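For reference, model-v4.txt is printed below; it contains compact mmCIF, C-alpha atoms.
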```txt
# COMPACT_ATOMS: atom_id res chain seq x y z
CA MET A 1 109.23 269.70 332.78
CA THR A 2 109.50 266.74 335.15
CA ALA A 3 112.19 264.12 334.85
CA PHE A 4 111.44 260.97 332.86
CA GLU A 5 111.35 258.19 335.46
CA VAL A 6 112.57 254.67 334.74
CA LEU A 7 111.89 251.88 337.24
CA PHE A 8 113.79 248.58 337.01
CA VAL A 9 112.28 245.52 338.68
CA CYS A 10 113.82 242.18 339.61
CA THR A 11 113.18 239.71 342.42
CA GLY A 12 115.27 240.79 345.39
CA ASN A 13 116.54 244.17 344.17
CA LEU A 14 119.96 242.78 345.08
CA HIS A 15 121.89 242.56 341.79
CA ARG A 16 120.23 242.93 338.39
CA SER A 17 117.93 245.90 339.01
CA PRO A 18 120.45 247.88 341.13
CA VAL A 19 123.10 247.37 338.45
CA ALA A 20 120.64 248.55 335.79
CA GLU A 21 119.54 251.50 337.93
CA ARG A 22 123.01 252.76 338.67
CA LEU A 23 124.40 252.23 335.16
CA LEU A 24 121.46 253.96 333.47
CA ALA A 25 121.70 256.82 335.97
CA ALA A 26 125.36 257.21 334.96
CA ALA A 27 124.44 257.20 331.27
CA LEU A 28 121.36 259.46 331.54
CA PRO A 29 121.85 261.74 334.53
CA GLU A 30 119.39 263.98 336.32
CA PRO A 31 117.66 266.40 335.94
CA ASP A 32 116.22 264.94 332.71
CA PHE A 33 116.04 261.38 334.04
CA SER A 34 115.24 259.74 337.34
CA VAL A 35 116.18 256.08 337.67
CA ARG A 36 115.03 253.76 340.46
CA SER A 37 114.76 250.05 341.14
CA ALA A 38 112.77 247.68 343.33
CA GLY A 39 112.25 243.97 343.88
CA THR A 40 109.10 241.88 343.91
CA ALA A 41 110.48 240.26 347.07
CA GLY A 42 112.86 243.07 348.05
CA ARG A 43 113.73 243.88 351.62
CA PRO A 44 115.90 246.74 352.90
CA VAL A 45 119.48 245.50 352.68
CA PRO A 46 122.58 247.19 351.24
CA LEU A 47 124.43 246.00 348.13
CA ASP A 48 126.43 242.89 348.76
CA PRO A 49 130.21 243.37 348.51
CA VAL A 50 130.62 241.41 345.26
CA THR A 51 127.85 243.33 343.48
CA ARG A 52 129.28 246.58 344.87
CA GLU A 53 132.72 245.78 343.44
CA ILE A 54 131.36 244.72 340.03
CA LEU A 55 129.10 247.75 339.76
CA GLY A 56 131.92 250.10 340.71
CA LYS A 57 134.20 248.62 338.05
CA LEU A 58 131.44 249.09 335.47
CA GLY A 59 131.13 252.78 336.33
CA GLY A 60 128.04 252.78 338.53
CA ASP A 61 127.69 254.80 341.72
CA VAL A 62 127.71 252.33 344.60
CA ARG A 63 126.96 254.85 347.35
CA GLY A 64 123.75 254.90 349.32
CA PHE A 65 121.93 251.95 347.79
CA THR A 66 119.36 250.04 349.84
CA ALA A 67 117.14 247.39 348.29
CA ARG A 68 113.40 248.01 348.43
CA ARG A 69 110.18 246.17 347.76
CA LEU A 70 108.07 246.99 344.70
CA ASP A 71 104.78 248.76 345.35
CA ALA A 72 102.00 250.21 343.21
CA GLY A 73 103.03 253.80 343.89
CA GLN A 74 106.46 253.27 342.35
CA ILE A 75 104.88 251.83 339.22
CA GLU A 76 102.31 254.60 338.95
CA ARG A 77 105.01 257.31 339.19
CA ALA A 78 107.26 255.68 336.58
CA ASP A 79 107.13 256.62 332.92
CA LEU A 80 108.76 253.30 332.00
CA VAL A 81 108.83 250.08 334.05
CA LEU A 82 111.38 247.48 332.98
CA GLY A 83 111.41 244.01 334.47
CA LEU A 84 114.53 241.90 334.23
CA GLU A 85 112.33 238.89 333.49
CA ARG A 86 108.75 238.52 332.30
CA CYS A 87 107.55 237.59 335.78
CA HIS A 88 108.71 241.02 337.01
CA ARG A 89 106.84 242.85 334.25
CA GLU A 90 103.75 240.78 335.06
CA ALA A 91 104.07 241.52 338.79
CA ALA A 92 104.18 245.25 338.03
CA VAL A 93 101.06 245.03 335.88
CA ARG A 94 99.24 243.08 338.60
CA LEU A 95 100.03 245.84 341.10
CA SER A 96 99.04 248.61 338.68
CA PRO A 97 97.01 247.34 335.69
CA LEU A 98 96.74 250.81 334.14
CA ALA A 99 100.53 250.81 333.68
CA LEU A 100 100.41 247.95 331.14
CA ARG A 101 101.46 250.15 328.20
CA ARG A 102 104.52 251.34 330.19
CA CYS A 103 105.66 247.91 331.40
CA PHE A 104 108.12 245.75 329.45
CA THR A 105 111.08 243.56 330.11
CA LEU A 106 114.33 245.44 329.53
CA ARG A 107 115.23 243.27 326.54
CA GLU A 108 111.69 243.36 325.15
CA PHE A 109 111.74 247.17 325.11
CA ILE A 110 115.05 247.14 323.26
CA ARG A 111 113.84 244.46 320.83
CA LEU A 112 110.74 246.50 320.02
CA HIS A 113 113.09 249.35 319.07
CA GLY A 114 115.10 247.23 316.65
CA GLY A 115 117.58 245.67 319.05
CA THR A 116 119.91 248.58 319.79
CA GLY A 117 119.83 252.26 320.50
CA ALA A 118 121.63 252.90 317.21
CA GLY A 119 119.23 254.12 314.59
CA ALA A 120 116.38 254.39 317.05
CA PRO A 121 113.63 256.74 315.95
CA ALA A 122 114.17 260.33 317.02
CA GLY A 123 111.85 261.67 319.66
CA THR A 124 111.34 261.99 323.34
CA PRO A 125 111.59 259.14 325.85
CA ARG A 126 107.80 259.23 326.24
CA GLU A 127 107.44 258.80 322.47
CA ALA A 128 109.84 255.84 322.67
CA VAL A 129 107.53 254.20 325.24
CA ARG A 130 104.46 254.81 323.07
CA LEU A 131 106.26 253.39 320.03
CA ALA A 132 107.29 250.23 321.90
CA ALA A 133 103.74 249.75 323.21
CA SER A 134 102.33 250.12 319.70
CA ARG A 135 104.76 247.53 318.32
CA ARG A 136 104.11 244.98 321.04
CA GLY A 137 101.11 243.40 319.31
CA SER A 138 102.72 243.16 315.89
CA ALA A 139 106.19 241.96 316.91
CA VAL A 140 107.09 238.29 316.68
CA PRO A 141 107.05 236.92 320.23
CA ALA A 142 110.44 236.08 321.65
CA PRO A 143 111.21 233.00 323.72
CA ASP A 144 110.95 233.78 327.43
CA GLU A 145 114.66 233.28 328.04
CA SER A 146 115.65 235.81 325.36
CA ASP A 147 113.55 238.54 326.98
CA GLY A 148 114.98 237.97 330.45
CA ILE A 149 118.28 238.14 332.26
CA GLU A 150 118.69 235.17 334.55
CA ASP A 151 118.80 235.69 338.31
CA PRO A 152 122.36 235.25 339.58
CA TYR A 153 121.33 235.08 343.26
CA GLY A 154 123.54 232.60 345.10
CA GLY A 155 125.92 232.32 342.17
CA SER A 156 129.67 232.68 342.16
CA PRO A 157 131.35 236.03 341.54
CA SER A 158 131.87 235.00 337.90
CA VAL A 159 128.12 234.38 337.49
CA LEU A 160 127.34 237.75 339.12
CA ARG A 161 129.79 239.44 336.77
CA ALA A 162 128.34 237.70 333.70
CA ARG A 163 124.81 238.84 334.59
CA ALA A 164 126.08 242.37 335.32
CA LEU A 165 127.68 242.49 331.87
CA GLU A 166 124.39 241.37 330.29
CA VAL A 167 122.60 244.13 332.18
CA ARG A 168 125.24 246.68 331.17
CA ASP A 169 124.92 245.83 327.48
CA ALA A 170 121.13 246.12 327.63
CA VAL A 171 121.32 249.40 329.58
CA LEU A 172 123.67 250.91 327.00
CA ALA A 173 121.19 250.03 324.24
CA LEU A 174 118.37 251.46 326.37
CA ALA A 175 120.28 254.72 326.91
CA GLY A 176 120.64 255.04 323.14
CA ILE A 177 116.88 254.74 322.75
CA LEU A 178 115.96 257.14 325.55
CA ARG A 179 118.61 259.79 324.97
CA PRO A 180 116.85 262.84 323.51
```
Final structure tokens representation of the file:
Amino acid sequence: MTAFEVLFVCTGNLHRSPVAERLLAAALPEPDFSVRSAGTAGRPVPLDPVTREILGKLGGDVRGFTARRLDAGQIERADLVLGLERCHREAAVRLSPLALRRCFTLREFIRLHGGTGAGAPAGTPREAVRLAASRRGSAVPAPDESDGIEDPYGGSPSVLRARALEVRDAVLALAGILRP
């Protein structure tokens, strides 16, 4: 059986999506899961020192990360694509329209599963994706800001830390949903 692949998407692949990638990888390790990230405007740069320090303190592996730009192949390989804001989900769907049923915002996916990983329906990660997709049309729409995690780019270390904590909380809920 192949690993279940999760792809996180943000703008620059500089803070939110790398934090999500590395924290989910720590919570749901290989070989059952493969976790990646990319940015809609990503370019190959390493983690900045502040993000590296925050991520390390939160328990993520900071080694070997280089930002990368989102492309259709990454989306097509992923079993679940999670944007950090709606514009990232929409960008993924534009690049690979057939992936629509596998593309959500991180918080939207959690919301469609009842808000936390606790009490999530039993099943495989692929079943969790199908369930979320089936609930999308019947769920009450959420305001845009509640489905996204704001971009901290250019913010102070305290802003970067606050966004990283938001990502961590969402990733922990996600891990509860995906854990077999």
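For the set A:Arg63, A:Arg16, A:Arg69, A:Arg101, the residue with the smallest atom-to-atom gap to A:Arg126 is A:Arg101, counting only C-alpha atoms.
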Considering all atoms listed in the file, state which residue in the set A:Leu174, A:Leu7, A:Ala25, A:Leu131 is at the smallest distance from A:Ala99.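 Of A:Leu174, A:Leu7, A:Ala25, A:Leu131, the one nearest A:Ala99, counting all atoms listed in the file, is A:Leu7.
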Show which residues sit within 10 Å of A:Leu47, as a ChimeraX atom specification. Count only C-alpha atoms, and ignore same-chain residues fewer than 4 positions away. /A:13-15,18-19,51-53,55,62-67
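Relative to atom CA of A:Lys57, atom CA of A:Leu178 is found at 23.7 Å.
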Taking into account only C-alpha atoms, which residue in the set A:Ala41, A:Leu106, A:Leu98, A:Val35 is nearest to A:Asp147?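 Of all the options, A:Leu106 lies closest to A:Asp147.
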Among the residues A:Gly12, A:Gly59, A:Pro125, A:Pro44, the one that comes closest to A:Ala27 [using all atoms listed in the file]: A:Gly59
Go ahead and fit an axis-aligned box to every listed atom of stretch 33-40 of chain A plus 4 Å each side, and pass me the centre and edge lengths in Å, one decimal, as JSON.
```
{"center_x": 112.6, "center_y": 251.6, "center_z": 339.0, "size_x": 15.1, "size_y": 27.5, "size_z": 17.9}
```
Nearest-residue call for A:Leu28, choices A:Ala132, A:Leu84, A:Ala3, A:Ala162, using all atoms listed in the file: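 For A:Leu28, the nearest of the given residues is A:Ala3.
Using only C-alpha atoms, the shortest contact distance between A:Arg163 and any of A:Leu95, A:Asp151, A:Arg130, A:Ala38 is found at A:Asp151.
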Would you be able to write out as a ChimeraX atom specification which residues have an atom within 6 Å of (111.5, 243.7, 339.9) in the file's coordinates, counting all atoms listed in the file? /A:9-11,38-40,83,88
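Atom CA of A:Gly176 is positioned 22.9 Å from atom CA of A:Leu100.
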Between atom CA of A:Phe104 and atom CA of A:Asp61, what is the spacing in Å?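 Computing it gives 24.8 Å between the two atoms.
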Distance query 6 Å from (116.5, 237.8, 332.6) using only C-alpha atoms, result as a CSV table (one decimal) with C-alpha atoms, keeping the file's coordinate frame:
```csv
chain,number,residue,atom,x,y,z
A,84,LEU,CA,114.5,241.9,334.2
A,85,GLU,CA,112.3,238.9,333.5
A,148,GLY,CA,115.0,238.0,330.4
A,149,ILE,CA,118.3,238.1,332.3
A,150,GLU,CA,118.7,235.2,334.6
```
Could you give me, as a PyMOL selection string, the residues within 7 Å of A:Gly60, counting only C-alpha atoms and dropping anything in the same chain fewer than 2 positions from it? chain A and resi 22-23+26+55-56+58+62
